[in-house]
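> So that you have it, the file is query24.cif, and it contains mmCIF, C-alpha atoms:
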data_input
#
loop_
_atom_site.group_PDB
_atom_site.id
_atom_site.type_symbol
_atom_site.label_atom_id
_atom_site.label_comp_id
_atom_site.auth_asym_id
_atom_site.auth_seq_id
_atom_site.Cartn_x
_atom_site.Cartn_y
_atom_site.Cartn_z
ATOM 1 C CA MET A 41 131.860 -53.611 -136.063
ATOM 2 C CA ILE A 42 128.275 -53.259 -134.888
ATOM 3 C CA GLN A 43 126.362 -56.464 -135.318
ATOM 4 C CA LEU A 44 122.675 -55.693 -135.130
ATOM 5 C CA LEU A 45 121.371 -59.103 -136.151
ATOM 6 C CA ASP A 46 123.938 -61.301 -134.418
ATOM 7 C CA THR A 47 123.933 -62.338 -130.754
ATOM 8 C CA GLU A 48 124.367 -58.777 -129.467
ATOM 9 C CA TRP A 49 120.697 -57.983 -130.081
ATOM 10 C CA PHE A 50 119.753 -59.964 -126.976
ATOM 11 C CA SER A 51 121.968 -58.001 -124.608
ATOM 12 C CA ARG A 52 120.887 -54.744 -126.246
ATOM 13 C CA SER A 53 117.268 -55.645 -125.634
ATOM 14 C CA GLY A 54 118.079 -55.474 -121.912
ATOM 15 C CA SER A 55 118.481 -51.712 -122.180
ATOM 16 C CA VAL A 56 114.981 -51.508 -123.655
ATOM 17 C CA VAL A 57 113.651 -53.517 -120.705
ATOM 18 C CA VAL A 58 115.370 -51.099 -118.293
ATOM 19 C CA VAL A 59 113.708 -48.158 -120.053
ATOM 20 C CA LEU A 60 110.341 -49.938 -119.751
ATOM 21 C CA GLY A 61 110.992 -50.364 -116.024
ATOM 22 C CA ILE A 62 111.653 -46.654 -115.640
ATOM 23 C CA ILE A 63 108.507 -45.818 -117.598
ATOM 24 C CA SER A 64 106.608 -48.201 -115.329
ATOM 25 C CA GLY A 65 107.746 -46.154 -112.336
ATOM 26 C CA PHE A 66 106.559 -42.940 -113.956
ATOM 27 C CA SER A 67 103.209 -44.499 -114.797
ATOM 28 C CA GLY A 68 102.736 -45.291 -111.104
ATOM 29 C CA ILE A 69 103.258 -41.623 -110.266
ATOM 30 C CA ILE A 70 100.786 -40.542 -112.943
ATOM 31 C CA GLU A 71 98.241 -43.124 -111.786
ATOM 32 C CA GLU A 72 98.598 -41.829 -108.229
ATOM 33 C CA ARG A 73 97.955 -38.224 -109.287
ATOM 34 C CA VAL A 74 94.903 -39.202 -111.368
ATOM 35 C CA LEU A 75 93.444 -41.234 -108.505
ATOM 36 C CA ILE A 76 93.932 -38.409 -106.010
ATOM 37 C CA SER A 77 92.208 -35.922 -108.315
ATOM 38 C CA ARG A 78 89.266 -38.288 -108.926
ATOM 39 C CA LEU A 79 88.838 -38.971 -105.224
ATOM 40 C CA SER A 80 89.088 -35.267 -104.499
ATOM 41 C CA ILE A 81 86.248 -34.550 -106.922
ATOM 42 C CA ARG A 82 84.132 -37.338 -105.426
ATOM 43 C CA LYS A 83 84.820 -35.993 -101.926
ATOM 44 C CA ARG A 84 83.792 -32.449 -102.890
ATOM 45 C CA LEU A 85 80.568 -33.709 -104.441
ATOM 46 C CA GLU A 86 79.750 -35.783 -101.366
ATOM 47 C CA ILE A 87 80.455 -32.816 -99.083
ATOM 48 C CA LEU A 88 78.196 -30.557 -101.156
ATOM 49 C CA GLN A 89 75.399 -33.126 -101.104
ATOM 50 C CA LYS A 90 75.779 -33.649 -97.348
ATOM 51 C CA LYS A 91 75.748 -29.886 -96.660
ATOM 52 C CA ARG A 92 72.631 -29.461 -98.756
ATOM 53 C CA LYS A 93 70.873 -32.308 -96.992
ATOM 54 C CA LEU A 94 71.859 -31.059 -93.528
ATOM 55 C CA ARG A 95 70.813 -27.522 -94.414
ATOM 56 C CA LEU A 96 67.360 -28.801 -95.357
ATOM 57 C CA LEU A 97 67.188 -30.722 -92.075
ATOM 58 C CA LYS A 98 68.355 -27.600 -90.199
ATOM 59 C CA ALA A 99 71.038 -29.554 -88.376
ATOM 60 C CA THR A 100 73.157 -27.957 -85.659
ATOM 61 C CA PRO A 101 76.602 -26.652 -86.646
ATOM 62 C CA ASP A 102 78.277 -29.236 -84.416
ATOM 63 C CA TYR A 103 76.463 -32.095 -86.138
ATOM 64 C CA VAL A 104 77.265 -30.644 -89.573
ATOM 65 C CA GLN A 105 80.951 -30.461 -88.681
ATOM 66 C CA GLU A 106 80.895 -34.010 -87.345
ATOM 67 C CA GLU A 107 79.358 -35.297 -90.586
ATOM 68 C CA LEU A 108 81.883 -33.397 -92.705
ATOM 69 C CA ASP A 109 84.743 -34.722 -90.592
ATOM 70 C CA ASP A 110 83.462 -38.266 -91.153
ATOM 71 C CA ILE A 111 83.504 -37.724 -94.912
ATOM 72 C CA GLU A 112 87.013 -36.268 -94.738
ATOM 73 C CA GLU A 113 88.268 -39.210 -92.678
ATOM 74 C CA LYS A 114 86.651 -41.730 -95.025
ATOM 75 C CA TYR A 115 88.438 -40.244 -98.026
ATOM 76 C CA LEU A 116 91.767 -39.985 -96.222
ATOM 77 C CA VAL A 117 91.616 -43.703 -95.453
ATOM 78 C CA LEU A 118 90.570 -44.496 -99.029
ATOM 79 C CA ILE A 119 93.436 -42.430 -100.467
ATOM 80 C CA LYS A 120 95.952 -44.013 -98.107
ATOM 81 C CA GLU A 121 94.867 -47.556 -98.998
ATOM 82 C CA SER A 122 94.821 -46.797 -102.720
ATOM 83 C CA MET A 123 98.264 -45.161 -102.653
ATOM 84 C CA HIS A 124 99.725 -48.135 -100.812
ATOM 85 C CA SER A 125 98.335 -50.513 -103.427
ATOM 86 C CA ILE A 126 99.540 -48.406 -106.371
ATOM 87 C CA LYS A 127 103.021 -47.945 -104.913
ATOM 88 C CA PHE A 128 103.356 -51.645 -104.139
ATOM 89 C CA ASN A 129 102.250 -52.774 -107.604
ATOM 90 C CA ALA A 130 104.356 -50.180 -109.415
ATOM 91 C CA GLY A 131 107.360 -50.935 -107.222
ATOM 92 C CA ILE A 132 107.185 -54.660 -107.854
ATOM 93 C CA SER A 133 106.844 -54.345 -111.633
ATOM 94 C CA GLU A 134 109.480 -51.614 -111.843
ATOM 95 C CA GLY A 135 111.934 -53.583 -109.717
ATOM 96 C CA ILE A 136 111.497 -56.791 -111.680
ATOM 97 C CA LEU A 137 111.894 -55.008 -115.017
ATOM 98 C CA LEU A 138 115.000 -53.141 -113.864
ATOM 99 C CA ILE A 139 116.658 -56.272 -112.486
ATOM 100 C CA LEU A 140 115.866 -58.411 -115.546
ATOM 101 C CA GLY A 141 116.813 -55.644 -117.950
ATOM 102 C CA THR A 142 120.100 -54.919 -116.226
ATOM 103 C CA LEU A 143 121.054 -58.595 -116.091
ATOM 104 C CA THR A 144 120.113 -59.068 -119.733
ATOM 105 C CA TRP A 145 121.953 -55.919 -120.716
ATOM 106 C CA GLY A 146 125.092 -56.869 -118.817
ATOM 107 C CA PHE A 147 125.201 -60.612 -119.303
ATOM 108 C CA GLY A 148 122.928 -61.291 -122.274
ATOM 109 C CA ASP A 149 125.772 -62.099 -124.625
ATOM 110 C CA ILE A 150 127.121 -64.709 -122.179
ATOM 111 C CA ALA A 151 123.692 -66.225 -121.537
ATOM 112 C CA LEU A 152 122.956 -66.424 -125.242
ATOM 113 C CA THR A 153 126.107 -68.477 -125.862
ATOM 114 C CA PHE A 154 124.751 -71.121 -123.486
ATOM 115 C CA ILE A 155 121.295 -71.052 -125.056
ATOM 116 C CA VAL A 156 122.308 -71.116 -128.732
#
Take the structure in this file and express it as structure tokens.

Amino acid sequence: MIQLLDTEWFSRSGSVVVVLGIISGFSGIIEERVLISRLSIRKRLEILQKKRKLRLLKATPDYVQEELDDIEEKYLVLIKESMHSIKFNAGISEGILLILGTLTWGFGDIALTFIV
């Protein structure tokens, strides 16, 4: 007999928490992709502005390349730092949700007997 409103609801809620943990992991991936695309657009705009400015100043090709390399390096560092932060935050929340959900799912009925 399935008892939806008895003590089994607590252990079943653990499966919902596990699903939320998995979704949390996917949201980290989506957030990473969105951030990379935004930074890519910002980088392209900055490169175009820098090229225009250097063209007006009639800078040497070596200096132009040096400036563009600086912009590229700046964005690579920014992307790397941002990705590390996103992966860390998503990993922590996903891990905690998966552990709590699995424990609740597996042992929720036992824990609830001690609580109630």
> Please, what distance in Å, to one decimal, runs between atom CA of Ile76 of chain A and atom CA of Ile63 of chain A?
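That distance, rounded to one decimal, is 20.0 Å.
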> What's around Arg84 of chain A at 12 Å? Count all atoms listed in the file, leave out sequence neighbours fewer than 4 positions away in its own chain, and write the answer as a ChimeraX atom specification.
/A:77-80,88-91,108,111-112,115
> With all atoms listed in the file as the atoms that count, which of A:Phe154, A:Phe50, A:Phe66, A:Phe147 lies nearest to Ala130 of chain A?
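For Ala130 of chain A, the nearest of the candidates is A:Phe66.
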> Tell me, as a VMD selection string, which residues lie within 12 Å of Gly135 of chain A, counting all atoms listed in the file; anything in the same chain fewer than 4 positions away does not count.
chain A and resid 57 to 65 127 to 131 139 to 142
> Grab the atom CA of Leu138 of chain A to atom CA of Glu71 of chain A distance for me, in Å with one decimal place.
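Between atom CA of Leu138 of chain A and atom CA of Glu71 of chain A the gap works out to 19.6 Å.
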